[in-house]
file start.txt (compact mmCIF, C-alpha atoms)
# COMPACT_ATOMS: atom_id res chain seq x y z
CA MET A 1 112.68 100.22 72.66
CA LEU A 2 109.14 101.56 72.96
CA ARG A 3 108.25 105.24 72.71
CA LEU A 4 104.85 106.88 72.74
CA GLU A 5 104.71 110.61 72.21
CA HIS A 6 101.43 112.48 72.66
CA ALA A 7 99.66 109.36 71.47
CA VAL A 8 95.90 109.58 71.03
CA ALA A 9 93.71 106.60 70.18
CA GLU A 10 89.98 106.09 69.96
CA ARG A 11 87.80 103.07 70.41
CA ALA A 12 84.20 102.54 69.35
CA GLY A 13 81.82 103.27 72.21
CA GLY A 14 78.07 103.07 72.68
CA ARG A 15 77.65 106.77 71.91
CA GLY A 16 80.32 107.27 69.27
CA PRO A 17 84.10 107.01 69.53
CA VAL A 18 85.73 107.20 72.97
CA ARG A 19 89.21 108.56 73.59
CA ALA A 20 90.81 105.46 75.10
CA VAL A 21 94.32 106.94 75.03
CA ASP A 22 94.46 110.67 75.51
CA ASP A 23 97.81 112.39 74.92
CA VAL A 24 100.03 109.72 76.47
CA SER A 25 103.82 109.94 76.33
CA LEU A 26 105.98 107.18 77.75
CA THR A 27 109.11 105.16 77.06
CA VAL A 28 110.24 101.65 77.90
CA SER A 29 113.99 101.13 77.72
CA PRO A 30 115.92 97.86 77.59
CA GLY A 31 116.42 96.58 81.12
CA GLU A 32 113.30 97.97 82.72
CA LEU A 33 109.92 96.66 83.79
CA VAL A 34 107.32 99.40 83.52
CA ALA A 35 103.87 98.83 85.03
CA LEU A 36 100.74 100.52 83.70
CA MET A 37 98.25 100.76 86.54
CA GLY A 38 94.72 101.98 86.80
CA PRO A 39 91.13 100.80 87.09
CA SER A 40 89.36 99.11 84.17
CA GLY A 41 88.69 101.54 81.37
CA SER A 42 91.71 103.70 82.22
CA GLY A 43 93.50 102.89 78.96
CA LYS A 44 96.01 100.21 80.00
CA SER A 45 95.05 97.63 77.39
CA SER A 46 94.66 100.28 74.70
CA ILE A 47 98.27 101.34 75.24
CA ILE A 48 99.38 97.70 74.97
CA HIS A 49 97.33 97.41 71.77
CA LEU A 50 98.89 100.59 70.36
CA ALA A 51 102.35 99.18 71.03
CA SER A 52 101.54 95.87 69.34
CA GLY A 53 99.78 97.19 66.23
CA LEU A 54 96.31 96.06 67.23
CA LEU A 55 95.07 99.64 67.56
CA GLY A 56 96.08 102.67 65.53
CA ALA A 57 96.94 106.12 66.91
CA THR A 58 94.78 108.96 65.55
CA SER A 59 97.64 111.32 66.34
CA GLY A 60 101.03 111.26 68.02
CA VAL A 61 103.95 108.88 67.65
CA VAL A 62 104.20 105.17 68.43
CA GLU A 63 107.73 103.89 67.90
CA VAL A 64 108.46 100.19 68.45
CA VAL A 65 112.06 98.96 68.35
CA GLY A 66 113.08 101.96 66.25
CA GLN A 67 110.19 101.74 63.76
CA THR A 68 106.98 103.68 63.29
CA ARG A 69 104.38 102.18 60.97
CA PRO A 70 100.72 102.84 60.25
CA LEU A 71 98.10 100.32 61.37
CA THR A 72 97.37 99.62 57.68
CA ASP A 73 100.84 98.05 57.32
CA ARG A 74 99.48 94.74 58.55
CA ARG A 75 102.39 92.70 57.23
CA GLY A 76 104.88 94.99 58.91
CA TRP A 77 103.10 94.69 62.25
CA ALA A 78 102.74 90.93 61.91
CA ARG A 79 106.47 90.66 61.23
CA ALA A 80 107.19 92.89 64.23
CA ARG A 81 105.07 90.64 66.44
CA ARG A 82 107.03 87.60 65.24
CA ARG A 83 110.47 89.14 65.55
CA ASP A 84 110.50 92.14 67.87
CA ILE A 85 107.53 92.08 70.21
CA GLY A 86 106.52 89.30 72.58
CA MET A 87 102.97 89.27 73.89
CA VAL A 88 101.75 87.75 77.15
CA GLN A 89 97.99 87.70 77.52
CA GLN A 90 95.65 87.42 80.44
CA ARG A 91 94.22 84.12 79.19
CA LEU A 92 96.63 81.25 79.34
CA ASP A 93 96.59 80.68 75.59
CA LEU A 94 98.84 77.90 74.39
CA MET A 95 98.11 75.62 71.44
CA PRO A 96 96.78 72.42 73.01
CA GLY A 97 97.92 70.11 70.20
CA LEU A 98 101.56 71.17 70.39
CA SER A 99 104.26 70.33 72.93
CA THR A 100 105.56 73.01 75.26
CA LEU A 101 108.69 73.29 73.13
CA ASP A 102 106.70 73.75 69.91
CA ASN A 103 104.50 76.35 71.55
CA VAL A 104 107.56 78.37 72.49
CA ALA A 105 109.13 77.89 69.05
CA LEU A 106 105.90 78.82 67.23
CA PRO A 107 106.69 82.47 66.36
CA LEU A 108 110.01 81.35 64.85
CA LEU A 109 108.42 78.45 62.95
CA ILE A 110 105.82 80.81 61.48
CA ASP A 111 108.69 83.11 60.57
CA ARG A 112 110.19 80.17 58.58
CA VAL A 113 113.15 79.64 60.85
CA GLY A 114 114.34 76.02 60.48
CA VAL A 115 112.91 73.54 63.00
CA ARG A 116 116.25 72.65 64.51
CA LYS A 117 117.26 76.27 65.06
CA ALA A 118 113.79 77.20 66.32
CA HIS A 119 113.87 74.36 68.84
CA ALA A 120 117.32 75.34 70.03
CA GLN A 121 116.12 78.94 70.57
CA ALA A 122 112.99 77.65 72.30
CA ARG A 123 115.09 75.59 74.71
CA ILE A 124 117.09 78.69 75.62
CA ALA A 125 113.85 80.59 76.24
CA LEU A 126 112.45 77.75 78.36
CA GLU A 127 115.62 77.66 80.39
CA ARG A 128 115.22 81.38 81.13
CA VAL A 129 111.84 80.70 82.73
CA GLY A 130 113.06 77.60 84.56
CA LEU A 131 111.00 75.02 82.66
CA THR A 132 113.63 73.07 80.71
CA GLU A 133 112.36 69.74 82.00
CA LEU A 134 108.81 70.39 80.72
CA ALA A 135 109.81 70.83 77.04
CA ASP A 136 107.96 67.71 75.91
CA ALA A 137 104.90 68.13 78.14
CA ALA A 138 101.49 68.96 76.70
CA PRO A 139 100.07 72.36 77.73
CA THR A 140 97.08 70.59 79.31
CA ASP A 141 99.43 68.89 81.78
CA LEU A 142 100.78 72.22 83.07
CA SER A 143 99.52 74.31 85.98
CA GLY A 144 98.28 77.85 85.35
CA GLY A 145 101.54 79.34 86.60
CA GLU A 146 103.58 77.01 84.39
CA ARG A 147 101.47 77.82 81.33
CA GLN A 148 102.05 81.52 81.89
CA ARG A 149 105.79 80.84 82.20
CA VAL A 150 105.64 79.07 78.85
CA ALA A 151 103.83 82.08 77.39
CA ILE A 152 106.64 84.30 78.69
CA ALA A 153 109.22 81.97 77.15
CA ARG A 154 107.35 82.25 73.84
CA ALA A 155 107.27 86.04 74.21
CA THR A 156 111.04 86.19 74.60
CA VAL A 157 112.08 83.48 72.14
CA GLY A 158 114.68 84.39 69.52
CA GLU A 159 115.76 87.99 69.31
CA ARG A 160 112.62 89.47 70.82
CA ARG A 161 113.40 91.82 73.66
CA LEU A 162 110.23 93.90 74.04
CA VAL A 163 107.60 92.10 76.07
CA LEU A 164 104.04 93.46 76.28
CA ALA A 165 102.07 91.81 79.05
CA ASP A 166 98.36 92.55 79.44
CA GLU A 167 97.17 91.52 82.92
CA PRO A 168 99.53 88.53 82.85
CA THR A 169 98.53 87.42 86.34
CA ALA A 170 94.76 87.82 86.16
CA ALA A 171 94.11 84.09 85.85
CA LEU A 172 96.57 83.08 88.58
CA ASP A 173 96.47 82.70 92.36
CA THR A 174 98.49 85.02 94.60
CA VAL A 175 101.64 82.93 94.83
CA ALA A 176 101.76 82.12 91.09
CA ALA A 177 101.01 85.79 90.26
CA GLU A 178 103.85 86.97 92.47
CA SER A 179 106.32 84.56 90.87
CA ILE A 180 105.27 85.55 87.32
CA VAL A 181 105.90 89.23 88.03
CA GLU A 182 109.16 88.38 89.74
CA LEU A 183 110.13 86.45 86.60
CA LEU A 184 109.26 89.42 84.34
CA SER A 185 111.31 91.62 86.61
CA ARG A 186 114.31 89.27 86.35
CA LEU A 187 113.97 89.17 82.54
CA ALA A 188 114.05 92.95 82.54
CA ALA A 189 117.13 92.90 84.75
CA LYS A 190 118.79 90.80 82.04
CA GLY A 191 118.08 93.39 79.35
CA ALA A 192 114.50 92.93 78.11
CA GLY A 193 112.11 95.89 78.04
CA VAL A 194 108.81 94.90 79.64
CA LEU A 195 105.56 96.85 79.67
CA MET A 196 102.96 95.26 81.95
CA ALA A 197 99.36 96.37 82.32
CA THR A 198 97.77 95.39 85.63
CA HIS A 199 95.02 96.63 87.89
CA ASP A 200 96.63 94.86 90.83
CA THR A 201 98.56 97.27 93.01
CA ARG A 202 100.26 94.36 94.75
CA LEU A 203 102.30 93.65 91.65
CA ALA A 204 103.53 97.21 91.24
CA GLY A 205 106.28 96.60 93.75
CA TRP A 206 108.19 94.50 91.24
CA ALA A 207 108.23 97.25 88.58
CA ASP A 208 111.11 99.64 88.02
CA ARG A 209 108.62 102.40 87.22
CA VAL A 210 104.89 102.62 87.69
CA ILE A 211 102.68 104.78 85.46
CA PHE A 212 99.22 105.49 86.91
CA LEU A 213 96.46 105.96 84.35
CA ARG A 214 92.95 107.34 84.62
CA ASP A 215 90.52 108.08 81.81
CA GLY A 216 93.18 107.45 79.20
CA ARG A 217 95.64 109.92 80.67
CA VAL A 218 98.82 109.58 82.69
CA ARG A 219 97.95 110.82 86.15
CA ASP A 220 101.11 110.08 88.03
CA ALA A 221 104.31 108.04 87.85
CA THR A 222 106.98 106.82 90.20
CA ASP A 223 110.58 107.67 89.40
CA ALA A 224 113.08 105.22 88.04
CA PRO A 225 115.04 103.77 90.95
CA SER A 226 118.11 105.75 91.91
CA ALA A 227 121.43 103.96 91.61
CA ALA A 228 121.67 104.02 95.41
CA SER A 229 118.41 102.23 96.07
CA ALA A 230 118.65 99.86 93.13
CA GLY A 231 121.83 98.19 94.25
CA PRO A 232 123.56 95.44 92.32
CA ARG A 233 121.24 93.13 90.47
CA ALA A 234 121.49 89.41 90.69
CA SER A 235 121.62 87.82 87.28
CA MET B 1 108.78 97.62 119.79
CA PRO B 2 105.39 98.21 121.28
CA GLY B 3 102.89 95.41 121.19
CA VAL B 4 105.44 92.67 120.57
CA SER B 5 105.93 90.24 123.39
CA VAL B 6 109.65 89.99 124.14
CA PRO B 7 109.13 87.61 127.08
CA ASP B 8 107.14 85.18 124.93
CA GLY B 9 109.72 85.46 122.18
CA LEU B 10 112.50 84.47 124.61
CA LEU B 11 110.46 81.63 126.10
CA ILE B 12 109.90 80.05 122.70
CA LEU B 13 113.62 80.18 121.97
CA LEU B 14 114.23 78.17 125.15
CA ARG B 15 111.84 75.44 124.11
CA ASP B 16 114.41 73.18 122.49
CA GLU B 17 117.41 73.57 124.75
CA PRO B 18 118.79 75.67 127.62
CA LYS B 19 120.60 78.83 126.54
CA HIS B 20 122.51 81.67 128.14
CA GLY B 21 121.52 85.33 127.80
CA TYR B 22 123.90 86.35 125.06
CA GLN B 23 122.90 83.36 122.94
CA LEU B 24 119.23 84.33 123.37
CA ALA B 25 119.92 87.83 122.07
CA THR B 26 121.70 86.50 118.97
CA ASP B 27 119.07 83.84 118.35
CA PHE B 28 116.27 86.36 118.63
CA ALA B 29 117.74 88.53 115.87
CA GLU B 30 118.62 85.52 113.74
CA ARG B 31 115.30 83.75 113.98
CA THR B 32 113.39 86.91 113.10
CA ALA B 33 115.71 87.46 110.12
CA GLY B 34 117.03 90.65 111.69
CA VAL B 35 113.62 92.29 111.78
CA TRP B 36 113.79 92.51 115.56
CA THR B 37 116.93 92.89 117.57
CA LEU B 38 117.33 92.90 121.34
CA ASN B 39 120.29 94.16 123.31
CA THR B 40 121.70 91.88 125.98
CA GLY B 41 120.55 94.27 128.72
CA GLN B 42 116.94 93.84 127.57
CA VAL B 43 117.41 90.08 127.53
CA TYR B 44 118.72 89.98 131.12
CA THR B 45 115.99 92.21 132.58
CA THR B 46 113.35 90.12 130.82
CA LEU B 47 114.99 86.90 132.05
CA ASP B 48 114.95 88.25 135.63
CA ARG B 49 111.22 88.85 135.37
CA LEU B 50 110.59 85.43 133.83
CA VAL B 51 112.56 83.77 136.67
CA ARG B 52 110.65 85.79 139.27
CA ASP B 53 107.32 84.73 137.73
CA GLY B 54 108.34 81.08 137.60
CA TYR B 55 108.55 80.56 133.83
CA VAL B 56 112.32 80.14 133.63
CA GLU B 57 114.93 78.62 135.98
CA PRO B 58 118.70 78.17 135.95
CA ASP B 59 119.67 75.05 134.08
CA GLY B 60 122.34 74.05 136.62
CA THR B 61 124.71 72.58 134.05
CA VAL B 62 127.96 74.34 133.24
CA ASP B 63 128.61 75.92 129.87
CA PRO B 64 131.57 73.97 128.44
CA ASP B 65 132.96 77.16 126.81
CA ASP B 66 132.52 79.50 129.75
CA ALA B 67 131.80 78.21 133.25
CA ARG B 68 130.75 81.66 134.50
CA ARG B 69 127.81 81.90 132.11
CA ARG B 70 124.57 80.57 133.42
CA ARG B 71 122.16 78.80 131.17
CA TRP B 72 118.41 79.01 131.50
CA ARG B 73 115.64 76.54 130.83
CA LEU B 74 111.84 76.54 130.75
CA THR B 75 109.82 75.44 133.75
CA GLU B 76 106.60 73.48 133.26
CA ALA B 77 104.66 76.78 133.54
CA GLY B 78 106.98 78.32 130.93
CA ARG B 79 106.35 75.43 128.55
CA ASP B 80 102.58 75.85 128.98
CA ARG B 81 102.86 79.56 128.34
CA THR B 82 104.73 79.16 125.02
CA GLU B 83 102.08 76.74 123.82
CA ALA B 84 99.30 79.16 124.72
CA TRP B 85 101.13 82.05 123.04
CA THR B 86 101.48 80.34 119.68
CA GLU B 87 97.85 79.22 119.64
CA GLU B 88 96.03 82.30 120.95
CA PRO B 89 94.67 84.83 118.44
CA PRO B 90 97.13 87.72 117.95
CA PRO B 91 96.24 91.06 119.56
CA GLU B 92 94.01 93.34 117.46
CA PRO B 93 96.15 95.96 115.73
CA GLY B 94 93.48 98.59 116.41
CA PRO B 95 92.06 101.15 114.01
CA ARG B 96 94.59 103.88 114.82
CA ASP B 97 96.93 104.19 111.93
CA GLU B 98 98.70 107.27 110.64
CA LEU B 99 97.68 106.70 107.00
CA VAL B 100 94.04 106.08 107.90
CA LEU B 101 94.02 109.17 110.10
CA ARG B 102 95.42 111.42 107.36
CA VAL B 103 93.07 110.23 104.65
CA LEU B 104 89.95 110.27 106.85
CA LEU B 105 90.66 113.75 108.19
CA VAL B 106 91.43 115.21 104.78
CA ALA B 107 88.27 113.63 103.35
CA ALA B 108 86.33 115.19 106.23
CA VAL B 109 87.71 118.72 106.20
CA ASP B 110 88.66 119.11 102.53
CA PRO B 111 86.93 116.52 100.34
CA GLU B 112 88.09 118.24 97.15
CA SER B 113 91.72 117.47 97.86
CA ALA B 114 91.15 113.97 99.26
CA LEU B 115 91.78 112.31 95.90
CA ALA B 116 95.03 114.17 95.43
CA VAL B 117 96.13 113.10 98.90
CA ILE B 118 95.23 109.48 98.11
CA HIS B 119 97.24 109.62 94.87
CA GLY B 120 100.22 111.12 96.65
CA GLN B 121 100.14 108.52 99.42
CA ARG B 122 99.78 105.77 96.84
CA ARG B 123 102.89 106.95 95.05
CA HIS B 124 104.84 106.94 98.34
CA LEU B 125 103.66 103.44 99.20
CA VAL B 126 104.36 102.02 95.73
CA THR B 127 107.86 103.50 95.86
CA ARG B 128 108.37 101.88 99.27
CA LEU B 129 107.09 98.56 97.95
CA GLN B 130 109.40 98.82 94.93
CA ASP B 131 112.39 99.30 97.23
CA MET B 132 111.36 96.25 99.26
CA ARG B 133 110.81 94.02 96.25
CA ARG B 134 114.02 95.16 94.60
CA GLY B 135 115.89 94.19 97.74
CA GLN B 136 114.14 90.83 97.71
CA ARG B 137 114.93 90.18 94.06
CA ASP B 138 118.58 91.03 94.47
CA ALA B 139 119.23 89.13 97.67
CA GLU B 140 119.77 85.43 98.01
CA ASP B 141 117.87 85.09 101.21
CA SER B 142 116.91 82.31 103.51
CA THR B 143 113.30 81.23 103.69
CA LEU B 144 112.97 82.94 107.08
CA ALA B 145 114.30 86.21 105.66
CA ARG B 146 111.87 86.00 102.74
CA MET B 147 108.97 85.35 105.10
CA ALA B 148 109.93 88.38 107.17
CA ALA B 149 110.26 90.55 104.04
CA ASP B 150 106.88 89.30 102.77
CA ALA B 151 105.27 90.33 106.07
CA ALA B 152 106.41 93.91 105.58
CA ALA B 153 105.50 94.00 101.87
CA VAL B 154 102.04 92.51 102.34
CA ARG B 155 101.21 95.20 104.90
CA VAL B 156 102.09 97.91 102.39
CA GLU B 157 100.00 96.10 99.79
CA SER B 158 97.03 96.09 102.12
CA ASP B 159 97.38 99.86 102.62
CA LEU B 160 97.44 100.23 98.82
CA ARG B 161 94.29 98.16 98.52
CA TRP B 162 92.62 100.37 101.09
CA LEU B 163 93.60 103.50 99.11
CA ASP B 164 92.07 101.92 95.97
CA LEU B 165 88.83 101.37 97.86
CA CYS B 166 88.85 104.93 99.23
CA GLU B 167 89.37 106.31 95.74
CA ALA B 168 86.49 104.23 94.36
CA ARG B 169 84.17 105.28 97.21
CA LEU B 170 84.99 108.96 96.82
CA ALA B 171 84.55 108.73 93.05
CA ALA B 172 81.16 107.05 93.46
CA GLN B 173 79.62 109.70 95.68
CA PRO B 174 77.83 112.75 94.25
CA ALA B 175 79.79 115.96 93.69
CA VAL B 176 80.76 117.86 96.81
CA GLN B 177 78.08 120.32 97.96
CA PRO B 178 79.06 123.66 99.46
CA PRO B 179 78.82 123.49 103.26
CA ASN B 180 75.63 124.94 104.68
CA PRO B 181 76.04 125.61 108.40
CA ALA B 182 72.33 126.33 108.88
CA ALA B 183 71.23 122.94 107.62
CA PRO B 184 74.05 120.41 107.95
CA ARG B 185 73.06 117.61 105.63
CA GLY B 186 74.48 114.27 104.95
CA ARG B 187 77.99 113.69 104.01
CA ALA B 188 80.61 115.46 106.06
CA ARG B 189 80.55 113.47 109.24
call {"tool": "encode", "arguments": {"input": "start.txt", "output": "structure tokens"}}
result
Amino acid sequence: MLRLEHAVAERAGGRGPVRAVDDVSLTVSPGELVALMGPSGSGKSSIIHLASGLLGATSGVVEVVGQTRPLTDRRGWARARRRDIGMVQQRLDLMPGLSTLDNVALPLLIDRVGVRKAHAQARIALERVGLTELADAAPTDLSGGERQRVAIARATVGERRLVLADEPTAALDTVAAESIVELLSRLAAKGAGVLMATHDTRLAGWADRVIFLRDGRVRDATDAPSAASAGPRAS
Amino acid sequence: MPGVSVPDGLLILLRDEPKHGYQLATDFAERTAGVWTLNTGQVYTTLDRLVRDGYVEPDGTVDPDDARRRRWRLTEAGRDRTEAWTEEPPPEPGPRDELVLRVLLVAAVDPESALAVIHGQRRHLVTRLQDMRRGQRDAEDSTLARMAADAAAVRVESDLRWLDLCEARLAAQPAVQPPNPAAPRGRAR
């Protein structure tokens, strides 16, 4: 679903380019929540940006849902972000003028899916995050936790099954943060591939695998859960 | 279970209604969501002590299911004691902790490898936390069970936070100097 192989990426720094991602290899498969952990500046966001076409690799492979494409293929990346990749940001960014339902349907509407079909898909996505009854509410009437749930619904609407979440809980209190990560973990259990960047060790417990980063490199990783310890998953 | 007050735990279970010993043992495990279990022997020796000290007395009524089983109830002193127990500050856990000991001693005797030890311990703790959370996600638990599971998970999280701080402090200090026995300076205390 997502594969990085010896990926290297640079960002502009005060004294010339900085290696933000330095020879990173990782995979995210359907059905798993992978957490990228590390202090600020360790390369978490850069990896998310590589996977979403907002940053180009100077060398190595970045394969997203079976496709590799150069950063210059802006249309290709934009299409991928509408159809294949769902993004959940740190800021709780919903369009204030639109209803919750329209916010969730937005990627499909931009992709010229008919309104009726887009709304039907959006309702399914809202149901997944437990917010069916708030479909007609305005984003300004929602709590921070609810807004982030809507963002997750938008990230999974339609056929999109790769979710990239960059510090999705940074703007939330402890209880809301915990429930958002639990929700991402349940989505993964139902077949989505989720890559979550967070500096908050407390949230790592919900991940199937944790990749520890430092200075753009993978320093350590926990193993995928063994069949014995994973047990049956509630759906 | 050192440090946990079994007598106070039994007293609070008697607050609502008189109970016999076996019922107390089952209730204790149930109400702590299985985190703590007591065997009936433990319950009876503790009850004996509580009766001796005047906190508990025989109820006098007969158990409708089994006339031979005696039921116990709180005395006035027992009632006062349960109130005090729930309101007093909990005992200090104390600074002695196996993780703290390992990290501090390694940082003292072998600062170069302290970071590696911190990373290794962090991986162990995250794996432990993952197992806990996975269990939580997969189970359809009662609120009490979730509260008990949270207590265990939050303690691991606090250890992880401490390791983060240790890592940041070690990273912030100047590079390790070779030890100089003639003029012991500064850091390795």
call {"tool": "closest_atom_pairs", "arguments": {"input": "start.txt", "of": "chain B", "to": "chain A", "cutoff": "6 Å", "atoms": "only C-alpha atoms", "output": "Markdown table"}}
result
| residue | atom | partner | partner_atom | distance |
| --- | --- | --- | --- | --- |
| B:Leu129 | CA | A:Gly205 | CA | 4.7 |
| B:Gln130 | CA | A:Gly205 | CA | 4.0 |
| B:Arg133 | CA | A:Trp206 | CA | 5.7 |
| B:Asp138 | CA | A:Ala234 | CA | 5.0 |
| B:Glu157 | CA | A:Arg202 | CA | 5.3 |
call {"tool": "residues_around", "arguments": {"input": "start.txt", "residues": "region 85-89 of chain A", "least_positions_apart": "5", "cutoff": "6 Å", "atoms": "only C-alpha atoms", "output": "list of chain:residue names"}}
result
A:Ala155, A:Thr156, A:Arg160, A:Leu162, A:Val163, A:Leu164, A:Ala165, A:Asp166, A:Pro168
call {"tool": "atom_distance", "arguments": {"input": "start.txt", "atom1": "CA of Pro18 (chain B)", "atom2": "CA of Pro64 (chain B)"}}
result
12.9 Å
call {"tool": "closest_residue", "arguments": {"input": "start.txt", "among": "A:Thr27, A:Ser179, A:Thr169, A:Thr100", "to": "Val150 (chain A)", "atoms": "all atoms listed in the file"}}
result
A:Thr100
call {"tool": "residues_around", "arguments": {"input": "start.txt", "residues": "Leu144 (chain B)", "least_positions_apart": "4", "cutoff": "8 Å", "atoms": "only C-alpha atoms", "output": "PyMOL selection string"}}
result
chain B and resi 31-33+148
call {"tool": "write_last_selection", "arguments": {"input": "start.txt", "atoms": "C-alpha atoms", "output": "PDB file, in the frame of the given file"}}
result
ATOM      1  CA  ARG B  31     115.300  83.750 113.980  1.00  0.00           C
ATOM      2  CA  THR B  32     113.390  86.910 113.100  1.00  0.00           C
ATOM      3  CA  ALA B  33     115.710  87.460 110.120  1.00  0.00           C
ATOM      4  CA  ALA B 148     109.930  88.380 107.170  1.00  0.00           C
TER       5      ALA B 148
END
call {"tool": "residues_around", "arguments": {"input": "start.txt", "residues": "Tyr22 (chain B)", "least_positions_apart": "6", "cutoff": "12 Å", "atoms": "all atoms listed in the file", "output": "VMD selection string"}}
result
chain B and resid 10 28 to 29 38 to 44 47 66 69 to 72
call {"tool": "decode", "arguments": {"input": "start.txt", "residues": "region 100-163 of chain A", "atoms": "C-alpha atoms", "output": "mmCIF file, in the first residue's frame"}}
result
data_model
loop_
_atom_site.group_PDB
_atom_site.id
_atom_site.type_symbol
_atom_site.label_atom_id
_atom_site.label_comp_id
_atom_site.auth_asym_id
_atom_site.auth_seq_id
_atom_site.Cartn_x
_atom_site.Cartn_y
_atom_site.Cartn_z
ATOM 1 C CA THR A 100 -20.239 18.083 7.810
ATOM 2 C CA LEU A 101 -21.571 15.832 5.048
ATOM 3 C CA ASP A 102 -20.263 18.114 2.284
ATOM 4 C CA ASN A 103 -16.888 18.348 3.976
ATOM 5 C CA VAL A 104 -16.592 14.576 3.959
ATOM 6 C CA ALA A 105 -17.846 14.341 0.365
ATOM 7 C CA LEU A 106 -15.502 17.100 -0.844
ATOM 8 C CA PRO A 107 -12.713 14.947 -2.361
ATOM 9 C CA LEU A 108 -15.339 13.031 -4.361
ATOM 10 C CA LEU A 109 -17.142 16.209 -5.463
ATOM 11 C CA ILE A 110 -13.840 17.679 -6.668
ATOM 12 C CA ASP A 111 -13.248 14.405 -8.470
ATOM 13 C CA ARG A 112 -16.585 15.001 -10.306
ATOM 14 C CA VAL A 113 -18.445 12.180 -8.657
ATOM 15 C CA GLY A 114 -22.187 12.949 -8.754
ATOM 16 C CA VAL A 115 -23.608 14.686 -5.671
ATOM 17 C CA ARG A 116 -25.987 11.884 -4.784
ATOM 18 C CA LYS A 117 -23.305 9.204 -4.975
ATOM 19 C CA ALA A 118 -20.772 11.395 -3.159
ATOM 20 C CA HIS A 119 -23.241 12.022 -0.333
ATOM 21 C CA ALA A 120 -24.038 8.334 -0.051
ATOM 22 C CA GLN A 121 -20.308 7.536 0.229
ATOM 23 C CA ALA A 122 -19.869 10.358 2.740
ATOM 24 C CA ARG A 123 -22.642 8.937 4.913
ATOM 25 C CA ILE A 124 -20.889 5.559 4.940
ATOM 26 C CA ALA A 125 -17.641 7.263 5.961
ATOM 27 C CA LEU A 126 -19.398 9.247 8.702
ATOM 28 C CA GLU A 127 -20.980 6.090 10.009
ATOM 29 C CA ARG A 128 -17.519 4.506 10.291
ATOM 30 C CA VAL A 129 -16.433 7.287 12.646
ATOM 31 C CA GLY A 130 -19.695 7.240 14.589
ATOM 32 C CA LEU A 131 -20.986 10.672 13.548
ATOM 33 C CA THR A 132 -24.008 9.842 11.383
ATOM 34 C CA GLU A 133 -26.269 12.151 13.359
ATOM 35 C CA LEU A 134 -24.002 15.181 12.779
ATOM 36 C CA ALA A 135 -24.176 15.050 8.948
ATOM 37 C CA ASP A 136 -26.030 18.353 8.676
ATOM 38 C CA ALA A 137 -24.125 20.193 11.411
ATOM 39 C CA ALA A 138 -21.772 23.065 10.620
ATOM 40 C CA PRO A 139 -18.091 22.426 11.442
ATOM 41 C CA THR A 140 -18.152 25.387 13.844
ATOM 42 C CA ASP A 141 -20.726 23.562 15.982
ATOM 43 C CA LEU A 142 -18.451 20.545 16.482
ATOM 44 C CA SER A 143 -15.953 19.907 19.270
ATOM 45 C CA GLY A 144 -12.269 19.465 18.423
ATOM 46 C CA GLY A 145 -12.525 15.686 18.738
ATOM 47 C CA GLU A 146 -15.603 15.603 16.504
ATOM 48 C CA ARG A 147 -13.932 17.782 13.875
ATOM 49 C CA GLN A 148 -10.971 15.415 13.775
ATOM 50 C CA ARG A 149 -13.374 12.490 13.386
ATOM 51 C CA VAL A 150 -14.921 14.282 10.416
ATOM 52 C CA ALA A 151 -11.439 14.779 8.962
ATOM 53 C CA ILE A 152 -10.837 11.034 9.327
ATOM 54 C CA ALA A 153 -14.161 10.317 7.619
ATOM 55 C CA ARG A 154 -13.070 12.610 4.765
ATOM 56 C CA ALA A 155 -9.715 10.816 4.615
ATOM 57 C CA THR A 156 -11.418 7.446 4.175
ATOM 58 C CA VAL A 157 -14.341 8.446 1.962
ATOM 59 C CA GLY A 158 -14.859 6.478 -1.249
ATOM 60 C CA GLU A 159 -12.246 3.939 -2.186
ATOM 61 C CA ARG A 160 -9.393 5.533 -0.272
ATOM 62 C CA ARG A 161 -7.662 3.058 1.990
ATOM 63 C CA LEU A 162 -4.297 4.678 2.732
ATOM 64 C CA VAL A 163 -4.547 7.238 5.501
#
